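Notes to accompany the following structure.
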Amino acid sequence: MTSFGLPPGFVFGTATAAAQIEGGVHEGGRGESIWDAYARTHKNILDASSAAIACDHYHRYAEDFDLLRELGGQAYRMSIAWPRIQPLGRGPANPEGIAFYHRLLDALLDRGIQPWVTIYHWDLPQALQDAGGWQNRDTVDAFADYTRILRDEFGDKVAAWMTVNEPVVHTGVGHAIGRAAPGLMMLGSAFVVAHHLLLAHGNAVRTLRETLSSPVGIVNNHSPVQPATGSDRDARLAVLYDQYHNGQFAGPVLTGRYPPELEEVDGISFEVIHDGDMEIISTPLDFYGVNYYFPTRVGAAPPFYPVPFAPKEFVGVPVTDFGWPVMPASLLRILKQLKAAYPRLPPVYITENGCAYDDGPQGGLQGSGGALQDTRRIDFLEQHLAAVGEAIAAGIDVRGYFHWTLLDNWEWQEGYTKKFGLVRLEPATLERVPRASFHRYAEIIRSAGSPTDTYPS
């Protein structure tokens, strides 16, 4: 075993999303995404910013990949922007977009870094949203066509594929409560969005496998849930929320069934499910991506709240700049719960885990390299890697860890106000300044040695 109890061959990487880093939204024939439209209404974004420039990765990807090479990770989780490939979400591929991603993937491979590609990381072309978005079952077919383009163009360069990122967040925050793009407040009726996202996932798995042998998985956000009090009511609400957040997306993929408790939520109806849908959604996977940030404590909702449960604060627990509780033991807990609940659970990769801390210049400079001090992020990283090691020791097949994220980025509705990067992005100049956590992660990766197997087998 290597440090933190991680076995030889364990995959280390970082994770990013196109909409958060690329910029260049008006270049190369790219169309408008739902996030571009959402950001135009400045009240939607905390600092009234947009992703028009983001990290300018569109122009500076080679510089960023040099940082990745310095870091030493074997894999880089990225996404491809749907509106850069199909500006209107349908029709022939945009040649400039195709050429850009060929250059980007080649630049990774030239540096010995394996591309792990997310097909959909929330940047639906606005033209599809105007036609109903994920409420419209036709979007599932459009996604299959988009997947086919990516398969045929990039299949020989991509090490592993992830179909959809965090459908629970895209459904819940973007469509149920309207606090992210596309900004809809559908409440329980957003279940149709969840179902269509999962159906798109299943179709994408099948589309990729028509011609490729590359491993394929999905990325789900998971949060272990506990009741706020010892009351029977809070215990029931915790079970209900657990099935909403975790079971609604793991269950269909891994068992072919939605949790029946979901129908207790007003607006959720299984009538949107067509014959054959669940068989498609539950197409077996090569790996299962787990995004973990924090656990959830649930109690009764206040009067006039749209759902029966509401999150409650953890008392006496350190928090990130997002207010998220730092509880690494909960990562071990959710992995154990997944293994116990789903006998078909394939090999697991931690596809996102990270923390928002602005430990910038106020921390001073450390060492001759001038790295920004970053003690809290280093502690977070080490504690969560130790939790992964404990999960492996407990018999859970965890094969890799992708830290969120390489660079401070455009953090969706939070704009540039939350700093997740191992590398600080100077707001005025876009200069990249590695933090001490970057160098600590590089040390951990070096201490692990060379991987013997980069992919799930």
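Each chain of the structure tokens is named A, B, ... in the order shown, its residues numbered from 1; ligands are numbered from 1 in display order.
Among the residues of range 340-429 of chain A, backbone DSSP assigns strand (DSSP E or B) to Val348, Tyr349, Ile350, Thr351, Glu352, Leu365, Gln366, Ala371, Leu372, Val398, Arg399, Gly400, Tyr401, Phe402, His403, Trp404, Leu407, Val423, Arg424 and Leu425 of chain A.
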Nearby residues (only C-alpha atoms) at most 10 Å from range 250-262 of chain A, same-chain spacing under 5 positions excluded, as a ChimeraX atom specification: /A:188,191,195,198-199,201-202,218-222,239-245,267-270,277-285,288,338,341-346
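Ranking A:Thr320, A:Gln337, A:Thr375, A:Thr429 by their shortest atom-to-atom distance to Tyr357 in chain A, with only C-alpha atoms included, puts A:Thr320 first.
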Surrounding residues of range 65-80 of chain A excluding itself and chain neighbours under 3 positions, 9 Å, only C-alpha atoms, as JSON, numbers by chain: {"A": [11, 12, 13, 14, 15, 16, 17, 18, 19, 60, 61, 62, 83, 84, 85, 101, 107, 108, 111, 112, 113, 114, 115, 116, 117, 118, 119, 120, 121, 150, 159, 162, 351, 402, 406, 423, 434, 438, 439, 441, 442, 443, 445, 446, 450, 451, 454]}
C-alpha atoms of the current selection, written as a PDB file, in the first residue's frame:
ATOM      1  CA  VAL A  11      -5.377   6.892 -10.256  1.00  0.00           C
ATOM      2  CA  PHE A  12      -4.774  10.497  -9.189  1.00  0.00           C
ATOM      3  CA  GLY A  13      -6.155  13.422 -11.134  1.00  0.00           C
ATOM      4  CA  THR A  14      -7.972  16.734 -11.117  1.00  0.00           C
ATOM      5  CA  ALA A  15     -11.473  17.566 -12.343  1.00  0.00           C
ATOM      6  CA  THR A  16     -12.798  20.553 -14.303  1.00  0.00           C
ATOM      7  CA  ALA A  17     -15.805  21.609 -16.384  1.00  0.00           C
ATOM      8  CA  ALA A  18     -15.733  23.404 -19.727  1.00  0.00           C
ATOM      9  CA  ALA A  19     -18.280  26.062 -18.791  1.00  0.00           C
ATOM     10  CA  ARG A  60      -4.225  28.997 -22.370  1.00  0.00           C
ATOM     11  CA  TYR A  61      -4.862  25.250 -22.167  1.00  0.00           C
ATOM     12  CA  ALA A  62      -1.217  24.454 -22.972  1.00  0.00           C
ATOM     13  CA  PRO A  83     -22.695  24.319 -27.711  1.00  0.00           C
ATOM     14  CA  ARG A  84     -19.096  24.353 -28.987  1.00  0.00           C
ATOM     15  CA  ILE A  85     -19.763  21.095 -30.852  1.00  0.00           C
ATOM     16  CA  TYR A 101     -10.936  19.625 -28.801  1.00  0.00           C
ATOM     17  CA  ALA A 107      -1.933  18.412 -25.847  1.00  0.00           C
ATOM     18  CA  LEU A 108      -2.920  16.204 -22.904  1.00  0.00           C
ATOM     19  CA  ARG A 111       2.171  15.296 -21.843  1.00  0.00           C
ATOM     20  CA  GLY A 112       1.323  11.739 -20.850  1.00  0.00           C
ATOM     21  CA  ILE A 113      -2.007  12.660 -19.251  1.00  0.00           C
ATOM     22  CA  GLN A 114      -5.087  10.507 -19.844  1.00  0.00           C
ATOM     23  CA  PRO A 115      -8.258  12.457 -20.804  1.00  0.00           C
ATOM     24  CA  TRP A 116     -11.363  11.389 -18.838  1.00  0.00           C
ATOM     25  CA  VAL A 117     -14.210  13.131 -20.630  1.00  0.00           C
ATOM     26  CA  THR A 118     -17.588  14.170 -19.240  1.00  0.00           C
ATOM     27  CA  ILE A 119     -20.092  14.435 -22.069  1.00  0.00           C
ATOM     28  CA  TYR A 120     -22.593  16.688 -20.251  1.00  0.00           C
ATOM     29  CA  HIS A 121     -21.614  19.038 -17.454  1.00  0.00           C
ATOM     30  CA  LEU A 150     -17.950  12.769 -29.750  1.00  0.00           C
ATOM     31  CA  ALA A 159      -9.302   7.083 -21.830  1.00  0.00           C
ATOM     32  CA  MET A 162     -18.584   9.965 -18.048  1.00  0.00           C
ATOM     33  CA  THR A 351     -14.676  12.012  -9.455  1.00  0.00           C
ATOM     34  CA  PHE A 402      -9.983  13.491  -8.855  1.00  0.00           C
ATOM     35  CA  LEU A 406      -6.994  22.596 -10.801  1.00  0.00           C
ATOM     36  CA  VAL A 423      -3.752  26.969  -8.381  1.00  0.00           C
ATOM     37  CA  PRO A 434       0.276  27.340  -7.509  1.00  0.00           C
ATOM     38  CA  PHE A 438      -0.686  21.962  -5.393  1.00  0.00           C
ATOM     39  CA  HIS A 439       2.801  21.006  -4.240  1.00  0.00           C
ATOM     40  CA  TYR A 441      -0.755  16.904  -3.881  1.00  0.00           C
ATOM     41  CA  ALA A 442       2.215  16.490  -6.213  1.00  0.00           C
ATOM     42  CA  GLU A 443       4.209  14.987  -3.318  1.00  0.00           C
ATOM     43  CA  ILE A 445       1.217  11.501  -6.227  1.00  0.00           C
ATOM     44  CA  ARG A 446       4.988  11.040  -6.456  1.00  0.00           C
ATOM     45  CA  SER A 450       3.671   4.872 -11.315  1.00  0.00           C
ATOM     46  CA  PRO A 451       0.230   3.366 -11.866  1.00  0.00           C
ATOM     47  CA  THR A 454      -5.081   3.618 -15.485  1.00  0.00           C
TER      48      THR A 454
END
Which residues of range 321-438 of chain A sit at most 12 Å from range 52-56 of chain A, using only C-alpha atoms? Give each one's shortest atom pair and distance in Å (one decimal place), in chain and ascending residue order, as a tab-separated table.
residue	atom	partner	partner_atom	distance
A:Leu406	CA	A:Cys55	CA	10.8
A:Leu407	CA	A:Cys55	CA	7.7
A:Asp408	CA	A:Cys55	CA	7.8
A:Asn409	CA	A:Cys55	CA	6.1
A:Trp410	CA	A:Ala54	CA	5.4
A:Glu411	CA	A:Ala54	CA	9.2
A:Trp412	CA	A:Ala54	CA	10.3
A:Gly415	CA	A:Ala54	CA	9.1
A:Tyr416	CA	A:Ala54	CA	8.5
A:Gly421	CA	A:Cys55	CA	11.3
A:Val423	CA	A:Cys55	CA	11.2
A:Arg424	CA	A:Cys55	CA	10.6
A:Leu425	CA	A:Cys55	CA	7.5
A:Glu426	CA	A:Cys55	CA	9.6
A:Pro427	CA	A:Cys55	CA	9.1
A:Ala428	CA	A:Cys55	CA	11.1
A:Thr429	CA	A:Cys55	CA	10.2
A:Leu430	CA	A:Cys55	CA	6.7
A:Glu431	CA	A:Cys55	CA	9.4
A:Arg432	CA	A:Cys55	CA	9.4
Write to file, as an mmCIF file, in the first residue's frame, the residues of the selection just made, with N, CA and C atoms.
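File written: part.cif
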data_model
loop_
_atom_site.group_PDB
_atom_site.id
_atom_site.type_symbol
_atom_site.label_atom_id
_atom_site.label_comp_id
_atom_site.auth_asym_id
_atom_site.auth_seq_id
_atom_site.Cartn_x
_atom_site.Cartn_y
_atom_site.Cartn_z
ATOM 1 N N LEU A 406 -8.345 22.117 -10.525
ATOM 2 C CA LEU A 406 -6.994 22.596 -10.801
ATOM 3 C C LEU A 406 -6.870 24.094 -10.541
ATOM 4 N N LEU A 407 -7.740 24.896 -11.155
ATOM 5 C CA LEU A 407 -7.666 26.360 -11.092
ATOM 6 C C LEU A 407 -8.886 26.926 -10.381
ATOM 7 N N ASP A 408 -8.711 28.034 -9.676
ATOM 8 C CA ASP A 408 -9.886 28.813 -9.294
ATOM 9 C C ASP A 408 -10.678 29.079 -10.572
ATOM 10 N N ASN A 409 -11.983 28.870 -10.522
ATOM 11 C CA ASN A 409 -12.752 28.966 -11.762
ATOM 12 C C ASN A 409 -14.000 29.821 -11.581
ATOM 13 N N TRP A 410 -14.803 29.853 -12.620
ATOM 14 C CA TRP A 410 -16.101 30.528 -12.549
ATOM 15 C C TRP A 410 -17.067 29.538 -11.922
ATOM 16 N N GLU A 411 -17.425 29.792 -10.669
ATOM 17 C CA GLU A 411 -18.144 28.800 -9.872
ATOM 18 C C GLU A 411 -19.655 29.009 -10.003
ATOM 19 N N TRP A 412 -20.141 28.857 -11.241
ATOM 20 C CA TRP A 412 -21.572 28.916 -11.523
ATOM 21 C C TRP A 412 -22.217 30.166 -10.935
ATOM 22 N N GLY A 415 -20.173 32.924 -9.255
ATOM 23 C CA GLY A 415 -19.200 33.712 -9.998
ATOM 24 C C GLY A 415 -17.778 33.340 -9.618
ATOM 25 N N TYR A 416 -16.962 34.366 -9.393
ATOM 26 C CA TYR A 416 -15.556 34.146 -9.032
ATOM 27 C C TYR A 416 -15.316 34.227 -7.530
ATOM 28 N N GLY A 421 -9.350 26.168 -6.305
ATOM 29 C CA GLY A 421 -8.201 25.719 -7.057
ATOM 30 C C GLY A 421 -6.982 25.329 -6.245
ATOM 31 N N VAL A 423 -4.474 25.843 -7.805
ATOM 32 C CA VAL A 423 -3.752 26.969 -8.381
ATOM 33 C C VAL A 423 -4.634 28.203 -8.287
ATOM 34 N N ARG A 424 -4.077 29.270 -7.726
ATOM 35 C CA ARG A 424 -4.814 30.521 -7.627
ATOM 36 C C ARG A 424 -4.840 31.211 -8.987
ATOM 37 N N LEU A 425 -5.997 31.708 -9.369
ATOM 38 C CA LEU A 425 -6.135 32.500 -10.579
ATOM 39 C C LEU A 425 -6.213 33.965 -10.168
ATOM 40 N N GLU A 426 -5.193 34.743 -10.522
ATOM 41 C CA GLU A 426 -5.206 36.161 -10.185
ATOM 42 C C GLU A 426 -6.289 36.854 -11.012
ATOM 43 N N PRO A 427 -7.283 37.473 -10.354
ATOM 44 C CA PRO A 427 -8.449 37.977 -11.096
ATOM 45 C C PRO A 427 -8.115 38.992 -12.182
ATOM 46 N N ALA A 428 -7.179 39.880 -11.929
ATOM 47 C CA ALA A 428 -6.924 40.959 -12.882
ATOM 48 C C ALA A 428 -6.093 40.500 -14.073
ATOM 49 N N THR A 429 -5.157 39.591 -13.838
ATOM 50 C CA THR A 429 -4.202 39.220 -14.878
ATOM 51 C C THR A 429 -4.382 37.799 -15.403
ATOM 52 N N LEU A 430 -5.164 36.980 -14.714
ATOM 53 C CA LEU A 430 -5.329 35.550 -15.013
ATOM 54 C C LEU A 430 -4.033 34.770 -14.840
ATOM 55 N N GLU A 431 -3.079 35.349 -14.129
ATOM 56 C CA GLU A 431 -1.846 34.626 -13.821
ATOM 57 C C GLU A 431 -2.179 33.413 -12.964
ATOM 58 N N ARG A 432 -1.511 32.301 -13.232
ATOM 59 C CA ARG A 432 -1.677 31.073 -12.468
ATOM 60 C C ARG A 432 -0.588 31.017 -11.393
#
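Counting only C-alpha atoms and comparing A:Trp82, A:Phe4, A:Phe294, A:Phe314, the residue that lies closest to Ser33 in chain A is A:Trp82.
With only C-alpha atoms as the atoms that count, the residue of A:Trp161, A:Tyr38, A:Tyr292, A:Tyr146 with the shortest distance to Asn94 in chain A is A:Tyr146.
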Those in range 76-318 of chain A with alpha helix (DSSP H) from DSSP, as a PyMOL selection string: chain A and resi 82-85+95-110+126-130+138-154+167-171+191-209+232-242+248-255+277-281
Neighbour list for range 134-145 of chain A as a PyMOL selection string, cut-off 6 Å, only C-alpha atoms, skip fewer than 3 positions in-chain: chain A and resi 148+192-193+200+204
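For range 386-397 of chain A, the list of residues within 9 Å, based on only C-alpha atoms and with local chain neighbours fewer than 4 positions off taken out, reads Ser3, Phe4, Gly5, Leu6, Pro7, Pro328, Ala329, Ser330, Leu331, Leu332, Arg333, Leu335, Lys336, Lys339, Pro346, Pro347, Val348, Tyr349, Ile350, Leu381, Glu382 and Tyr401 of chain A.
Checking A:Glu153, A:Phe10, A:Ser189, A:Ala301 one by one against Ser447 in chain A, counting only C-alpha atoms, you find the shortest gap at A:Phe10.
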